[in-house]
Amino acid sequence: MKKIALLEAFFAFGFTSAQAPLEEGGLQLNAGLGTSGWGTPVYAGLDYGIATNFTIGGELSYQSYNQSIGGGFGDVKSSIFGIQANGNYHFNEILDIPSEWDFYAGANLNYYNWSSKQNGNSYNYAGADNFGLGLQVGGRYFFNENFGVNLQLGGGNVVSGAKLGITYKL
């Protein structure tokens, strides 16, 4: 019980100088790893504060995976590159959340390019299915004015599932 109380005190009082969410005109860089059914994607993105509690951003992601197909068909090596635009509303003000936390939700519009190689042949999957719309919900915890960690859940893009990473305010 003492350990839990000490941990709560550490988080409640140890990092009180952090400021979240992103202010109007502010920029922050996000990067990390995600989960999906097709490997472990890496991502990097930038968010921009357009108004109080509102941000827009962009993101790039990449993942690759290998799949063995039996019956003499050989191995398939696939690569997926994604680009995404997103918008988020930050709930800190209306939920009266402490400033070191940032809780948000929003929507995204994305495109991905999926290519595969099998037995020396290359395949590029292109079409209307390469575009997607998705929703996300996430949170950040800032250790100081500039550096934090983030966790986001959502779908509709190459990093569908979850993302875990770092955030740095510029």
# chains A, B, ... in the order shown; residues from 1 in each chain; ligands from 1

call {"tool": "residues_around", "arguments": {"residues": "A:Tyr141", "least_positions_apart": "6", "cutoff": "6 Å", "atoms": "only C-alpha atoms", "output": "list of chain:residue names"}}
result
A:Glu100, A:Trp101, A:Gly148, A:Val149

call {"tool": "write_last_selection", "arguments": {"atoms": "N, CA, C and O atoms", "output": "PDB file, in the first residue's frame"}}
result
ATOM      1  N   GLU A 100      -0.292  17.842 -16.952  1.00  0.00           N
ATOM      2  CA  GLU A 100       0.703  16.914 -17.494  1.00  0.00           C
ATOM      3  C   GLU A 100       0.072  15.815 -18.346  1.00  0.00           C
ATOM      4  O   GLU A 100       0.771  15.098 -19.054  1.00  0.00           O
ATOM      5  N   TRP A 101      -1.245  15.693 -18.303  1.00  0.00           N
ATOM      6  CA  TRP A 101      -1.965  14.702 -19.107  1.00  0.00           C
ATOM      7  C   TRP A 101      -2.605  15.371 -20.310  1.00  0.00           C
ATOM      8  O   TRP A 101      -2.951  16.543 -20.288  1.00  0.00           O
ATOM      9  N   GLY A 148       7.141  13.693 -23.555  1.00  0.00           N
ATOM     10  CA  GLY A 148       6.107  12.835 -23.000  1.00  0.00           C
ATOM     11  C   GLY A 148       6.033  11.498 -23.711  1.00  0.00           C
ATOM     12  O   GLY A 148       6.756  11.241 -24.679  1.00  0.00           O
ATOM     13  N   VAL A 149       5.140  10.646 -23.238  1.00  0.00           N
ATOM     14  CA  VAL A 149       4.866   9.356 -23.865  1.00  0.00           C
ATOM     15  C   VAL A 149       3.406   9.358 -24.308  1.00  0.00           C
ATOM     16  O   VAL A 149       2.571  10.063 -23.745  1.00  0.00           O
TER      17      VAL A 149
END

call {"tool": "select_by_dssp", "arguments": {"residues": "stretch 21-103 of chain A", "states": "helix (DSSP H, G or I)", "output": "number ranges by chain"}}
result
A: 92-95

call {"tool": "residues_around", "arguments": {"residues": "stretch 84-96 of chain A", "least_positions_apart": "6", "cutoff": "10 Å", "atoms": "only C-alpha atoms", "output": "number ranges by chain"}}
result
A: 20-22, 45-61, 102-112, 131-139, 157-158

call {"tool": "closest_atom_pairs", "arguments": {"of": "stretch 116-157 of chain A", "to": "stretch 24-44 of chain A", "cutoff": "12 Å", "atoms": "only C-alpha atoms", "output": "tab-separated table"}}
result
residue	atom	partner	partner_atom	distance
A:Arg140	CA	A:Asn30	CA	10.4
A:Phe142	CA	A:Gln28	CA	11.9
A:Glu145	CA	A:Gln28	CA	11.4
A:Asn146	CA	A:Gln28	CA	8.6
A:Phe147	CA	A:Gln28	CA	9.5
A:Gly148	CA	A:Asn30	CA	9.4
A:Val149	CA	A:Asn30	CA	8.8
A:Asn150	CA	A:Asn30	CA	8.2
A:Leu151	CA	A:Gly34	CA	9.6
A:Gln152	CA	A:Gly34	CA	9.1
A:Leu153	CA	A:Gly34	CA	9.5
A:Gly154	CA	A:Thr35	CA	10.4
A:Gly155	CA	A:Ser36	CA	9.5
A:Gly156	CA	A:Ser36	CA	10.9
A:Asn157	CA	A:Ser36	CA	9.5

call {"tool": "write_last_selection", "arguments": {"atoms": "N, CA, C and O atoms", "output": "PDB file, in the first residue's frame"}}
result
ATOM      1  N   ARG A 140      -1.616  11.218 -23.613  1.00  0.00           N
ATOM      2  CA  ARG A 140      -0.185  11.467 -23.438  1.00  0.00           C
ATOM      3  C   ARG A 140       0.067  11.823 -21.981  1.00  0.00           C
ATOM      4  O   ARG A 140      -0.797  12.406 -21.325  1.00  0.00           O
ATOM      5  N   PHE A 142       3.101  13.946 -20.029  1.00  0.00           N
ATOM      6  CA  PHE A 142       4.306  14.751 -20.190  1.00  0.00           C
ATOM      7  C   PHE A 142       5.118  14.753 -18.902  1.00  0.00           C
ATOM      8  O   PHE A 142       4.607  15.088 -17.829  1.00  0.00           O
ATOM      9  N   GLU A 145       8.069  20.087 -19.736  1.00  0.00           N
ATOM     10  CA  GLU A 145       7.465  20.979 -20.719  1.00  0.00           C
ATOM     11  C   GLU A 145       7.464  20.424 -22.138  1.00  0.00           C
ATOM     12  O   GLU A 145       6.610  20.769 -22.939  1.00  0.00           O
ATOM     13  N   ASN A 146       8.457  19.594 -22.479  1.00  0.00           N
ATOM     14  CA  ASN A 146       8.619  19.179 -23.863  1.00  0.00           C
ATOM     15  C   ASN A 146       8.476  17.685 -24.133  1.00  0.00           C
ATOM     16  O   ASN A 146       8.141  17.304 -25.241  1.00  0.00           O
ATOM     17  N   PHE A 147       8.754  16.840 -23.179  1.00  0.00           N
ATOM     18  CA  PHE A 147       8.871  15.409 -23.454  1.00  0.00           C
ATOM     19  C   PHE A 147       7.768  14.607 -22.769  1.00  0.00           C
ATOM     20  O   PHE A 147       7.497  14.780 -21.587  1.00  0.00           O
ATOM     21  N   GLY A 148       7.141  13.693 -23.555  1.00  0.00           N
ATOM     22  CA  GLY A 148       6.107  12.835 -23.000  1.00  0.00           C
ATOM     23  C   GLY A 148       6.033  11.498 -23.711  1.00  0.00           C
ATOM     24  O   GLY A 148       6.756  11.241 -24.679  1.00  0.00           O
ATOM     25  N   VAL A 149       5.140  10.646 -23.238  1.00  0.00           N
ATOM     26  CA  VAL A 149       4.866   9.356 -23.865  1.00  0.00           C
ATOM     27  C   VAL A 149       3.406   9.358 -24.308  1.00  0.00           C
ATOM     28  O   VAL A 149       2.571  10.063 -23.745  1.00  0.00           O
ATOM     29  N   ASN A 150       3.101   8.576 -25.344  1.00  0.00           N
ATOM     30  CA  ASN A 150       1.727   8.540 -25.828  1.00  0.00           C
ATOM     31  C   ASN A 150       1.265   7.114 -26.083  1.00  0.00           C
ATOM     32  O   ASN A 150       2.066   6.223 -26.355  1.00  0.00           O
ATOM     33  N   LEU A 151      -0.028   6.928 -25.973  1.00  0.00           N
ATOM     34  CA  LEU A 151      -0.702   5.672 -26.289  1.00  0.00           C
ATOM     35  C   LEU A 151      -1.970   6.045 -27.035  1.00  0.00           C
ATOM     36  O   LEU A 151      -2.735   6.899 -26.583  1.00  0.00           O
ATOM     37  N   GLN A 152      -2.185   5.411 -28.198  1.00  0.00           N
ATOM     38  CA  GLN A 152      -3.364   5.708 -28.992  1.00  0.00           C
ATOM     39  C   GLN A 152      -3.986   4.412 -29.488  1.00  0.00           C
ATOM     40  O   GLN A 152      -3.282   3.495 -29.900  1.00  0.00           O
ATOM     41  N   LEU A 153      -5.307   4.347 -29.451  1.00  0.00           N
ATOM     42  CA  LEU A 153      -6.068   3.221 -29.971  1.00  0.00           C
ATOM     43  C   LEU A 153      -6.909   3.723 -31.126  1.00  0.00           C
ATOM     44  O   LEU A 153      -7.421   4.838 -31.092  1.00  0.00           O
ATOM     45  N   GLY A 154      -7.050   2.900 -32.156  1.00  0.00           N
ATOM     46  CA  GLY A 154      -7.871   3.331 -33.279  1.00  0.00           C
ATOM     47  C   GLY A 154      -7.748   2.406 -34.456  1.00  0.00           C
ATOM     48  O   GLY A 154      -7.124   1.351 -34.394  1.00  0.00           O
ATOM     49  N   GLY A 155      -8.335   2.835 -35.557  1.00  0.00           N
ATOM     50  CA  GLY A 155      -8.315   2.012 -36.752  1.00  0.00           C
ATOM     51  C   GLY A 155      -8.494   2.820 -38.002  1.00  0.00           C
ATOM     52  O   GLY A 155      -8.606   4.034 -37.967  1.00  0.00           O
ATOM     53  N   GLY A 156      -8.498   2.116 -39.121  1.00  0.00           N
ATOM     54  CA  GLY A 156      -8.687   2.745 -40.413  1.00  0.00           C
ATOM     55  C   GLY A 156      -7.399   3.104 -41.112  1.00  0.00           C
ATOM     56  O   GLY A 156      -7.416   3.720 -42.163  1.00  0.00           O
ATOM     57  N   ASN A 157      -6.264   2.730 -40.537  1.00  0.00           N
ATOM     58  CA  ASN A 157      -4.995   3.065 -41.175  1.00  0.00           C
ATOM     59  C   ASN A 157      -4.022   1.911 -41.031  1.00  0.00           C
ATOM     60  O   ASN A 157      -4.349   0.873 -40.469  1.00  0.00           O
TER      61      ASN A 157
END

call {"tool": "residues_around", "arguments": {"residues": "stretch 120-123 of chain A", "least_positions_apart": "6", "cutoff": "10 Å", "atoms": "only C-alpha atoms", "output": "MDAnalysis selection string"}}
result
chainID A and resid 74 76:78 114

call {"tool": "select_by_dssp", "arguments": {"residues": "stretch 23-83 of chain A", "states": "strand (DSSP E)", "output": "PyMOL selection string"}}
result
chain A and resi 27-34+42-51+54-69+74-83

call {"tool": "decode", "arguments": {"residues": "stretch 121-134 of chain A", "atoms": "all heavy atoms", "output": "compact mmCIF listing (two decimals), in the first residue's frame"}}
result
# COMPACT_ATOMS: atom_id res chain seq x y z
N ASN A 121 8.64 -12.04 -58.61
CA ASN A 121 7.62 -11.17 -59.19
C ASN A 121 7.19 -10.12 -58.18
O ASN A 121 7.04 -10.41 -56.99
CB ASN A 121 6.39 -11.99 -59.62
CG ASN A 121 6.73 -12.98 -60.71
OD1 ASN A 121 7.43 -12.65 -61.65
ND2 ASN A 121 6.24 -14.20 -60.57
N SER A 122 6.97 -8.89 -58.65
CA SER A 122 6.52 -7.79 -57.79
C SER A 122 5.06 -7.48 -58.06
O SER A 122 4.61 -7.50 -59.21
CB SER A 122 7.37 -6.55 -58.04
OG SER A 122 8.70 -6.77 -57.67
N TYR A 123 4.34 -7.17 -56.99
CA TYR A 123 2.93 -6.81 -57.07
C TYR A 123 2.73 -5.52 -56.30
O TYR A 123 3.21 -5.37 -55.19
CB TYR A 123 2.04 -7.91 -56.46
CG TYR A 123 2.29 -9.27 -57.04
CD1 TYR A 123 3.16 -10.16 -56.42
CD2 TYR A 123 1.66 -9.66 -58.21
CE1 TYR A 123 3.39 -11.41 -56.95
CE2 TYR A 123 1.89 -10.92 -58.75
CZ TYR A 123 2.76 -11.79 -58.11
OH TYR A 123 2.99 -13.02 -58.64
N ASN A 124 2.00 -4.58 -56.89
CA ASN A 124 1.69 -3.32 -56.22
C ASN A 124 0.17 -3.21 -56.17
O ASN A 124 -0.48 -3.22 -57.22
CB ASN A 124 2.30 -2.14 -56.98
CG ASN A 124 2.22 -0.86 -56.18
OD1 ASN A 124 1.87 -0.87 -55.01
ND2 ASN A 124 2.53 0.24 -56.83
N TYR A 125 -0.38 -3.13 -54.97
CA TYR A 125 -1.82 -3.09 -54.79
C TYR A 125 -2.25 -1.63 -54.80
O TYR A 125 -1.90 -0.86 -53.90
CB TYR A 125 -2.23 -3.76 -53.49
CG TYR A 125 -1.73 -5.18 -53.42
CD1 TYR A 125 -0.56 -5.50 -52.72
CD2 TYR A 125 -2.39 -6.20 -54.08
CE1 TYR A 125 -0.09 -6.80 -52.66
CE2 TYR A 125 -1.92 -7.51 -54.03
CZ TYR A 125 -0.77 -7.78 -53.32
OH TYR A 125 -0.30 -9.07 -53.28
N ALA A 126 -2.99 -1.23 -55.80
CA ALA A 126 -3.46 0.15 -55.91
C ALA A 126 -4.95 0.14 -56.22
O ALA A 126 -5.44 -0.72 -56.93
CB ALA A 126 -2.70 0.89 -57.01
N GLY A 127 -5.64 1.12 -55.69
CA GLY A 127 -7.07 1.23 -55.95
C GLY A 127 -7.78 1.98 -54.83
O GLY A 127 -7.15 2.52 -53.91
N ALA A 128 -9.08 2.00 -54.92
CA ALA A 128 -9.88 2.72 -53.94
C ALA A 128 -9.72 2.15 -52.54
O ALA A 128 -9.88 2.86 -51.54
CB ALA A 128 -11.35 2.70 -54.35
N ASP A 129 -9.38 0.85 -52.43
CA ASP A 129 -9.21 0.23 -51.12
C ASP A 129 -7.99 0.75 -50.38
O ASP A 129 -7.83 0.50 -49.19
CB ASP A 129 -9.08 -1.30 -51.26
CG ASP A 129 -10.38 -1.95 -51.68
OD1 ASP A 129 -11.43 -1.28 -51.62
OD2 ASP A 129 -10.34 -3.12 -52.08
N ASN A 130 -7.11 1.45 -51.05
CA ASN A 130 -5.91 1.97 -50.41
C ASN A 130 -6.19 3.23 -49.60
O ASN A 130 -5.31 3.71 -48.88
CB ASN A 130 -4.83 2.27 -51.45
CG ASN A 130 -4.31 1.02 -52.10
OD1 ASN A 130 -5.08 0.13 -52.47
ND2 ASN A 130 -3.01 0.91 -52.24
N PHE A 131 -7.38 3.79 -49.70
CA PHE A 131 -7.77 4.96 -48.92
C PHE A 131 -8.63 4.50 -47.75
O PHE A 131 -9.36 3.53 -47.85
CB PHE A 131 -8.58 5.95 -49.78
CG PHE A 131 -7.75 6.67 -50.79
CD1 PHE A 131 -7.60 6.15 -52.07
CD2 PHE A 131 -7.09 7.84 -50.46
CE1 PHE A 131 -6.82 6.80 -53.01
CE2 PHE A 131 -6.31 8.50 -51.39
CZ PHE A 131 -6.17 7.98 -52.67
N GLY A 132 -8.54 5.21 -46.65
CA GLY A 132 -9.34 4.83 -45.50
C GLY A 132 -9.68 6.00 -44.61
O GLY A 132 -9.01 7.05 -44.63
N LEU A 133 -10.74 5.84 -43.85
CA LEU A 133 -11.14 6.77 -42.81
C LEU A 133 -11.08 6.01 -41.50
O LEU A 133 -11.40 4.81 -41.45
CB LEU A 133 -12.57 7.26 -43.02
CG LEU A 133 -12.82 8.15 -44.22
CD1 LEU A 133 -14.32 8.36 -44.42
CD2 LEU A 133 -12.13 9.48 -44.04
N GLY A 134 -10.69 6.67 -40.45
CA GLY A 134 -10.61 6.00 -39.17
C GLY A 134 -10.86 6.94 -38.02
O GLY A 134 -10.92 8.17 -38.19
